[in-house]
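These notes concern the structure reproduced below.
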Amino acid sequence: MRRSINALSKALLTVAIVTTSFIAFSGGNEVATLRDSTPIDVQKTPAPIPNVANTDVKQKRNYPMQPPLIPHKVRNYQVDLKVNKCMSCHSRNRTEESQAPMVSVTHYMNRDGNFLAEVSPRRYFCNQCHVPQRETDELVENTFVDMNTLMKEKQAAKAEKH
C-alpha cells in the first residue's frame with residue numbers, strides 16, 4: 001500500500017513539474033481561451049446571455065440538409081409527448097392561417113419512406129435539430145464559404161480564362 005502511495009505521489013509531482021515548466025516556458029498566456037486574461041483561480045463574471053433573434057425572417061442555410069434555424073423566440077413552447085406547440089403554426093392544416101412555412105414532407109415519412117397522416121415520431125421533437133439564433137458575435141473567427149459561393153467563384157475564374 002505504501003509503495004502505491006509513493007508511486008502516486010511521484011506521478012503527481014512529475015505532472016506538476018511538467019505543467020509548471022510548460023507554463024513558465026510558454027509565457028503563461030499563449031493558449032487562447034474564452035477566459036481571456038482572467039487567472040484560473042478567479043471566477044469571471046459571465047456576460048449576459050444574448051437575446052434570441054426574433055425577426056421571423058428565414059436565414060440562409062450554410063450546407064445541404066442543414067436544418068433551418070428558428071427565426072423567433074420559443075421560450076416556454078411545450079413540446080412533449082402530449083403537445084407540440086410548433087405544430088400549431090407549422091402543420092399542414094395551419095400554415096395558411098399562420099403564414100408559417102410548413103414542416104418538410106420528410107417529417108411526415110416513417111423510416112421505410114411511407115407517408116403518414118401526422119408528423120413521424122422520429123421527427124416530432126423539433127428542437128432536436130432546429131434551434132433559435134441568438135443576436136451575438138462569433139466567438140471564434142469563421143472563414144466558412146458555402147458551396148454556392150465556391151461554385152460561382154470557380155465559374156467566374158473559368159470565364160475569365162476564356
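Numbering starts fresh at 1 for the residues of each chain in the C-alpha cells, the chains themselves are lettered A, B, ... in the order given, and ligands are numbered from 1 as they appear.
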I'd like the neighbourhood of range 67-69 of chain A as a PyMOL selection string, where a residue qualifies if any of its atoms comes within 8 Å (using only C-alpha atoms), though same-chain residues fewer than 2 positions away should be ignored. chain A and resi 58-59+61+65+71+129-133
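Backbone DSSP over range 36-124 of chain A gives alpha helix (DSSP H) for Met87, Ser88, Cys89, His90, Thr95, Glu96, Glu97 and Ser98 of chain A.
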Write the residues you've just listed into a file as a compact mmCIF listing (two decimals), in the first residue's frame, and include C-alpha atoms for each of them.
# COMPACT_ATOMS: atom_id res chain seq x y z
CA MET A 87 -47.23 22.29 -34.99
CA SER A 88 -49.88 24.87 -34.03
CA CYS A 89 -48.37 27.05 -36.79
CA HIS A 90 -46.23 24.75 -38.94
CA THR A 95 -49.91 27.22 -42.48
CA GLU A 96 -52.50 29.18 -44.46
CA GLU A 97 -53.81 30.78 -41.28
CA SER A 98 -50.41 31.32 -39.61
Need the shell around Asn62 in chain A: protein/DNA/RNA residues with any atom at most 12 Å away, counting only C-alpha atoms. Skip same-chain ones fewer than 6 positions apart. Format as an MDAnalysis selection string? chainID A and resid 68:69 144:150
Pick out the residues sitting within 8 Å of Glu135 in chain A, and hand them over as a count of residues only; count only C-alpha atoms, and ignore anything fewer than 4 positions along from it in its own chain. 4
Between A:Glu138, A:Arg92, A:Leu81, A:Met151, which one has atoms that come closest to Pro121 in chain A, using only C-alpha atoms? A:Leu81
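The residue set within 10 Å of Tyr124 in chain A, counting only C-alpha atoms and dropping same-chain residues fewer than 4 places from it, reads A:Val79, A:Asp80, A:Leu81, A:Val83, A:Asn84, A:Cys86, A:Met87, A:His107, A:Tyr108, A:Glu118, A:Val119, A:Ser120, A:Gln128.
Closest approach to Val74 in chain A from the set A:Arg94, A:Arg134, A:Ala47, A:Thr106 is made by A:Arg134, with distances taken over only C-alpha atoms.
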